[in-house]
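Undergrad: Starting off with a structure, shown below.
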Amino acid sequence: MRSIAVASGKGGVGKTSLSVHIAAGAAAAGERVLLVDLDHGAHATKWLLGGRQDVGIAEAMTGTADAAFYVRLVENRDGLWIAPASNGLQTVEAQLSNTFGRETILRDLLQAQRKKLDLVVIDCPPGVGFLTQSAIFAADKVIVPVMAGFMGIDGLVDIRKLVGQIRTRGRSKVDLAGAVLFAADEREGVTEGTRESLRKLGAADIFRAEVRVSTAGKLLPSNRALAFDPGADPRGAEDYTAILKETKARLASR
């Protein structure tokens, strides 16, 4: 079983879109995939299940629900399961405040599922708090979406620092898979400016594949559709297919 955390120190940069499409694309290719929604906003859960759930990954982390209750098969998406977001995500950190080794609880939960799964994708909340730290402890690789725009790389800098700190502690071999440029638009100079900023941070960390601006892509969550669905978002389907291919190559390099 391999695991990916999709994280950023900033919100609104494409984490959920990347997470959902990497997970769904891998499932469509025949893998057994679990998408973990750790974001308080529950965007991945609303996208795939239609709404926030009463029981989810938070209850599993605090020990009030087991796998039989917190993992849901996504309708009409063979091979794709989701550990959904619930209101419990708002208080999970406080509930575990006195628990020794709380950062590894999520990792241990997912490892218990390793024989059933080929891939885990974790959609993180914005920032570098407890839930994001838990996701990075549980991951083999971390992907950071970077929105094309002024100060777009700030979220990447935050995550690179966090990954380095966790590796330095010696408790995880997690590595940065790379940064994905999101909402790239060749009509705007800020897109190339963001690319240049990424290059200065290290060319090896930049995905060759990018997610271009797409009007159709903005409608996907409300329609509970994916870019890969027939006619839904041809441009997005092309971009996410390329990202999935590159993601698999970077996972294989560990």
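For the structure tokens, the naming scheme is as follows: chains receive sequential letters (A, B, ...) according to their order of presentation, residues are indexed from 1 within each chain, and ligands are indexed from 1 in presentation order.
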Determine which residues of segment 179-249 of chain A receive a DSSP assignment of strand (DSSP E), computed from the backbone, and state them as JSON, numbers by chain.
TA: {"A": [179, 180, 181, 182, 183, 184, 211, 212]}
Undergrad: Please produce an output containing N, CA and C atoms for each residue in the selection, written as a tab-separated table (two decimals), in the first residue's frame.
TA:
```tsv
chain	number	residue	atom	x	y	z
A	179	ALA	N	5.59	19.76	-6.35
A	179	ALA	CA	4.56	20.79	-6.40
A	179	ALA	C	3.87	20.75	-7.75
A	180	VAL	N	2.55	20.94	-7.74
A	180	VAL	CA	1.75	20.96	-8.96
A	180	VAL	C	1.18	22.36	-9.15
A	181	LEU	N	1.47	22.97	-10.28
A	181	LEU	CA	0.93	24.30	-10.57
A	181	LEU	C	-0.55	24.16	-10.91
A	182	PHE	N	-1.38	24.93	-10.21
A	182	PHE	CA	-2.83	24.84	-10.35
A	182	PHE	C	-3.36	26.15	-10.93
A	183	ALA	N	-4.38	26.03	-11.79
A	183	ALA	CA	-5.01	27.19	-12.43
A	183	ALA	C	-4.04	27.95	-13.32
A	184	ALA	N	-3.19	27.20	-14.04
A	184	ALA	CA	-2.25	27.80	-14.98
A	184	ALA	C	-3.01	28.42	-16.15
A	211	VAL	N	-2.32	21.81	-13.91
A	211	VAL	CA	-3.78	21.91	-14.07
A	211	VAL	C	-4.09	23.29	-14.62
A	212	ARG	N	-4.62	23.33	-15.83
A	212	ARG	CA	-4.93	24.61	-16.46
A	212	ARG	C	-6.28	25.15	-15.98
```
Undergrad: Please report, as a Markdown table, each residue of segment 10-113 of chain A lying at most 8 Å from segment 117-124 of chain A, together with the nearest pair of atoms and the separation in Å rounded to one decimal; use only C-alpha atoms, and order rows by chain and ascending residue number.
TA:
```
| residue | atom | partner | partner_atom | distance |
| --- | --- | --- | --- | --- |
| A:Lys15 | CA | A:Asp123 | CA | 6.5 |
| A:Thr16 | CA | A:Asp123 | CA | 6.0 |
| A:Ser19 | CA | A:Asp123 | CA | 5.7 |
| A:Ile22 | CA | A:Val121 | CA | 7.6 |
| A:Ala23 | CA | A:Val121 | CA | 6.2 |
| A:Glu31 | CA | A:Asp118 | CA | 5.9 |
| A:Arg32 | CA | A:Leu117 | CA | 5.0 |
| A:Val33 | CA | A:Leu119 | CA | 4.9 |
| A:Leu34 | CA | A:Val120 | CA | 4.8 |
| A:Leu35 | CA | A:Val121 | CA | 4.8 |
| A:Val36 | CA | A:Ile122 | CA | 4.6 |
| A:Asp37 | CA | A:Asp123 | CA | 5.1 |
| A:Leu38 | CA | A:Cys124 | CA | 5.2 |
| A:Asp39 | CA | A:Cys124 | CA | 5.4 |
| A:Ala44 | CA | A:Asp123 | CA | 7.7 |
| A:Gln113 | CA | A:Leu117 | CA | 6.5 |
```
Undergrad: Find the distance between atom CA of Gly193 of chain A and atom CA of Phe150 of chain A and write it in Å to one decimal.
TA: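 We find that atom CA of Gly193 of chain A and atom CA of Phe150 of chain A lie 8.5 Å from each other.
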Undergrad: Which residues, written as an MDAnalysis selection string, have at least one atom at most 12 Å from segment 164-166 of chain A, with only C-alpha atoms counted and residues fewer than 3 positions away on the same chain left out?
TA: chainID A and resid 103:104 128 132:139 142 157:161 169:176
Undergrad: For the residues in the current selection, export C-alpha atoms as a short mmCIF file (atom, residue, chain, number, x, y, z; two decimals), in the first residue's frame.
TA:
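Below is the file that was written, out.cif:
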```cif
data_model
loop_
_atom_site.label_atom_id
_atom_site.label_comp_id
_atom_site.auth_asym_id
_atom_site.auth_seq_id
_atom_site.Cartn_x
_atom_site.Cartn_y
_atom_site.Cartn_z
CA GLU A 103 0.45 12.20 15.44
CA THR A 104 0.74 8.54 14.41
CA VAL A 128 0.37 22.92 9.15
CA THR A 132 -1.87 18.01 8.42
CA GLN A 133 0.95 16.70 10.59
CA SER A 134 -0.99 13.45 11.06
CA ALA A 135 -1.42 13.12 7.31
CA ILE A 136 2.26 13.66 6.63
CA PHE A 137 3.22 11.08 9.26
CA ALA A 138 0.90 8.65 7.45
CA ALA A 139 2.20 9.40 3.95
CA VAL A 142 3.46 14.70 -0.16
CA VAL A 157 7.37 26.69 1.67
CA ASP A 158 5.34 25.87 4.79
CA ILE A 159 4.90 22.21 3.84
CA ARG A 160 8.53 21.73 2.80
CA LYS A 161 9.57 23.01 6.21
CA ARG A 169 12.78 13.73 14.09
CA GLY A 170 13.49 10.32 12.56
CA ARG A 171 9.93 9.12 12.96
CA SER A 172 9.02 9.08 9.27
CA LYS A 173 10.72 8.67 5.89
CA VAL A 174 8.09 10.79 4.17
CA ASP A 175 9.35 12.78 1.20
CA LEU A 176 8.08 15.60 -0.97
#
```
Undergrad: Please, what distance in Å, to one decimal, runs between atom CA of Gly127 of chain A and atom CA of Ser8 of chain A?
TA: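 Straight-line distance from atom CA of Gly127 of chain A to atom CA of Ser8 of chain A works out to 6.2 Å.
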Undergrad: So which residues touch Ala94 of chain A within 12 Å, counting only C-alpha atoms, skipping near sequence neighbours fewer than 3 positions away, as a list in words?
TA: Ala58, Met61, Thr62, Gly88, Leu89, Gln90, Thr91, Ser97, Asn98, Thr99, Arg102, Phe130 and Leu131 of chain A
Undergrad: I'd like the interatomic distance between atom CA of Thr215 of chain A and atom CA of Ala85 of chain A, to a tenth of an Å.
TA: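 Atom-to-atom, atom CA of Thr215 of chain A and atom CA of Ala85 of chain A are spaced 26.7 Å apart.
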Undergrad: Write out as a list in words each polymer residue whose atoms come within 10 Å of Glu246 of chain A, counting only C-alpha atoms; drop sequence neighbours fewer than 4 positions from it.
TA: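 The residues satisfying every condition are Ala177, Phe207, Arg208, Ala209, Tyr240, Thr241, Ala242, Arg250, Leu251 and Ala252 of chain A.
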